[in-house]
$ cat input.tsv   # TSV, C-alpha atoms and all ligand atoms
chain	number	residue	atom	x	y	z
T	1	MET	CA	-0.49	-104.26	12.72
T	2	TYR	CA	2.23	-105.44	10.35
T	3	GLU	CA	3.06	-103.87	7.00
T	4	LEU	CA	4.91	-105.19	3.95
T	5	MET	CA	6.17	-103.26	0.97
T	6	VAL	CA	7.53	-104.52	-2.34
T	7	ARG	CA	8.80	-102.59	-5.36
T	8	ARG	CA	8.82	-103.25	-9.06
T	9	GLN	CA	9.74	-100.95	-11.91
T	10	PHE	CA	8.64	-100.71	-15.49
T	11	ASP	CA	9.42	-98.64	-18.56
T	12	ALA	CA	6.64	-97.19	-20.64
T	13	ALA	CA	5.68	-94.27	-22.85
T	14	HIS	CA	2.76	-91.92	-22.44
T	15	HIS	CA	1.54	-88.43	-23.14
T	16	LEU	CA	-0.86	-86.35	-21.09
T	17	GLU	CA	-4.05	-85.13	-22.73
T	18	GLY	CA	-4.88	-81.50	-22.17
T	19	TYR	CA	-1.64	-80.74	-20.37
T	20	PRO	CA	-0.30	-77.27	-21.18
T	21	GLY	CA	3.36	-78.22	-21.39
T	22	ARG	CA	5.94	-80.63	-22.68
T	23	CYS	CA	4.27	-83.68	-21.05
T	24	ALA	CA	1.61	-83.37	-23.75
T	25	ARG	CA	4.25	-84.78	-26.12
T	26	LEU	CA	5.05	-88.47	-26.35
T	27	HIS	CA	7.81	-89.39	-23.88
T	28	GLY	CA	8.78	-92.17	-21.51
T	29	HIS	CA	9.58	-92.87	-17.88
T	30	THR	CA	10.98	-95.62	-15.75
T	31	TRP	CA	8.20	-95.83	-13.19
T	32	LEU	CA	8.78	-97.39	-9.80
T	33	VAL	CA	5.75	-99.08	-8.24
T	34	GLU	CA	5.62	-99.50	-4.47
T	35	VAL	CA	2.87	-101.60	-2.95
T	36	LEU	CA	2.09	-101.46	0.76
T	37	VAL	CA	-0.08	-104.12	2.41
T	38	ALA	CA	-1.03	-104.54	6.07
T	39	GLY	CA	-2.56	-107.09	8.37
T	40	ASP	CA	-2.73	-108.22	11.98
T	41	GLU	CA	-2.17	-111.96	11.73
T	42	LEU	CA	1.08	-113.75	10.92
T	43	ASP	CA	1.08	-117.18	9.32
T	44	GLU	CA	2.72	-120.33	10.72
T	45	SER	CA	6.11	-119.13	9.45
T	46	GLY	CA	5.79	-115.75	11.15
T	47	MET	CA	5.08	-113.92	7.92
T	48	LEU	CA	2.27	-111.58	7.04
T	49	MET	CA	2.72	-112.73	3.45
T	50	ASP	CA	5.67	-114.24	1.62
T	51	PHE	CA	7.53	-111.39	-0.16
T	52	HIS	CA	7.84	-113.59	-3.23
T	53	GLU	CA	4.10	-114.16	-3.35
T	54	LEU	CA	3.40	-110.42	-3.16
T	55	GLN	CA	6.11	-109.70	-5.74
T	56	LYS	CA	4.48	-112.18	-8.09
T	57	LEU	CA	1.08	-110.49	-7.74
T	58	VAL	CA	2.66	-107.10	-8.43
T	59	GLU	CA	4.61	-108.50	-11.37
T	60	ASP	CA	1.39	-109.86	-12.89
T	61	VAL	CA	0.06	-106.29	-13.04
T	62	VAL	CA	3.30	-104.53	-13.95
T	63	LYS	CA	4.04	-106.84	-16.89
T	64	ASP	CA	0.92	-105.50	-18.60
T	65	LEU	CA	2.31	-101.95	-18.35
T	66	ASP	CA	5.96	-102.63	-19.15
T	67	HIS	CA	7.16	-101.37	-22.54
T	68	GLN	CA	3.69	-100.19	-23.46
T	69	TYR	CA	2.34	-96.93	-24.79
T	70	LEU	CA	0.00	-96.42	-21.85
T	71	ASN	CA	-2.46	-94.22	-23.75
T	72	ASP	CA	-3.25	-97.24	-25.95
T	73	LEU	CA	-4.28	-99.53	-23.07
T	74	ASP	CA	-8.02	-99.98	-22.48
T	75	PHE	CA	-7.96	-98.41	-19.01
T	76	PHE	CA	-6.30	-95.20	-20.24
T	77	ARG	CA	-7.85	-95.01	-23.68
T	78	GLN	CA	-11.06	-93.15	-22.80
T	79	PRO	CA	-10.67	-89.38	-22.61
T	80	GLY	CA	-11.10	-87.80	-19.17
T	81	ARG	CA	-9.35	-86.95	-15.94
T	82	GLU	CA	-9.85	-90.46	-14.52
T	83	THR	CA	-8.05	-92.09	-17.42
T	84	ASN	CA	-5.26	-89.72	-18.44
T	85	PRO	CA	-2.14	-91.82	-17.75
T	86	THR	CA	-0.81	-89.65	-14.93
T	87	ALA	CA	1.08	-91.11	-11.97
T	88	GLU	CA	-2.15	-90.75	-9.95
T	89	ASN	CA	-4.22	-92.76	-12.41
T	90	ILE	CA	-1.51	-95.39	-12.85
T	91	ALA	CA	-1.51	-95.78	-9.05
T	92	ARG	CA	-5.29	-96.27	-9.08
T	93	TYR	CA	-5.07	-98.76	-11.94
T	94	VAL	CA	-2.47	-100.86	-10.12
T	95	TYR	CA	-4.39	-100.55	-6.84
T	96	ARG	CA	-7.68	-101.77	-8.33
T	97	ARG	CA	-6.07	-104.78	-9.99
T	98	LEU	CA	-4.11	-105.75	-6.88
T	99	LYS	CA	-7.09	-105.26	-4.60
T	100	ALA	CA	-8.92	-107.95	-6.53
T	101	SER	CA	-6.02	-110.42	-6.35
T	102	LEU	CA	-5.30	-109.73	-2.66
T	103	HIS	CA	-8.93	-110.07	-1.61
T	104	LYS	CA	-8.69	-113.75	-0.73
T	105	SER	CA	-5.44	-113.31	1.27
T	106	GLY	CA	-7.28	-111.36	3.98
T	107	LEU	CA	-4.65	-108.60	3.83
T	108	LYS	CA	-5.45	-104.93	3.43
T	109	LEU	CA	-3.98	-103.14	0.44
T	110	VAL	CA	-2.97	-99.84	2.05
T	111	LYS	CA	-1.64	-97.93	-0.92
T	112	VAL	CA	0.11	-98.04	-4.24
T	113	LYS	CA	2.77	-95.42	-4.82
T	114	ILE	CA	4.06	-94.57	-8.27
T	115	TRP	CA	7.42	-92.83	-8.56
T	116	GLU	CA	7.59	-90.99	-11.88
T	117	SER	CA	11.11	-89.75	-11.15
T	118	PRO	CA	13.44	-90.00	-8.16
T	119	ASP	CA	11.92	-86.75	-6.86
T	120	ALA	CA	8.20	-87.17	-7.51
T	121	TRP	CA	5.54	-89.73	-6.62
T	122	ALA	CA	1.76	-90.03	-6.41
T	123	SER	CA	-0.18	-92.61	-4.46
T	124	TYR	CA	-3.67	-94.09	-4.29
T	125	GLY	CA	-5.46	-95.89	-1.50
T	126	GLU	CA	-9.05	-96.42	-0.39
T	127	GLY	CA	-9.26	-95.42	3.25
Q	1	ZN	ZN	5.38	-88.25	-18.26
$ encode --input "input.tsv" --output "structure tokens" --more "lines below"
Ligand SMILES: [Zn+2]
Amino acid sequence: MYELMVRRQFDAAHHLEGYPGRCARLHGHTWLVEVLVAGDELDESGMLMDFHELQKLVEDVVKDLDHQYLNDLDFFRQPGRETNPTAENIARYVYRRLKASLHKSGLKLVKVKIWESPDAWASYGEG
């Protein structure tokens, strides 16, 4: 099995609903998104997938998050633990959107990792 990983970062603001601390207040982060895909078959060029192609797919998702107030976006607007804009839920949001766009490539989306700071990340994958 081969694996590929690409990274993109974005800046955005959020606040966490129901959080008993300073993250309940409006603040921002520079989030780093890491996307890991896997597959068994290489193409004619010896690539699992062109890095640029994967970077473009990731960019298409990340551009919708960049310089946004995440709590205002449809996905995060509903109250609840599945939609609070935590690193975990951002990872799931990116994963679900990429899964749809990677479907036709035949590659497996292994996980999406969201770094909220240089010392802390959360990831999401579906088995
Ligand atoms: Zn935060």
$ closest_residue --input "input.tsv" --among "T:Leu42, T:Leu54, T:Met5, T:Ile90" --to "ligand ZN 1 (chain Q)" --atoms "only C-alpha atoms and all ligand atoms"
T:Ile90
$ closest_residue --input "input.tsv" --among "T:Ala122, T:Ala12, T:Cys23, T:Val37" --to "Leu109 (chain T)" --atoms "all atoms listed in the file"
T:Val37
$ residues_near_ligand --input "input.tsv" --ligand "ligand ZN 1 (chain Q)" --cutoff "8 Å" --atoms "all atoms listed in the file" --output "ChimeraX atom specification"
/T:13-16,23,27-29,86,116
$ residues_around --input "input.tsv" --residues "Arg8 (chain T)" --least-positions-apart "6" --cutoff "9 Å" --atoms "only C-alpha atoms" --output "list in words"
Trp31, Leu32, Val33, Glu34, Val35, Gln55, Val58, Glu59 and Val62 of chain T
$ atom_distance --input "input.tsv" --atom1 "CA of Val110 (chain T)" --atom2 "CA of Gly39 (chain T)"
9.6 Å
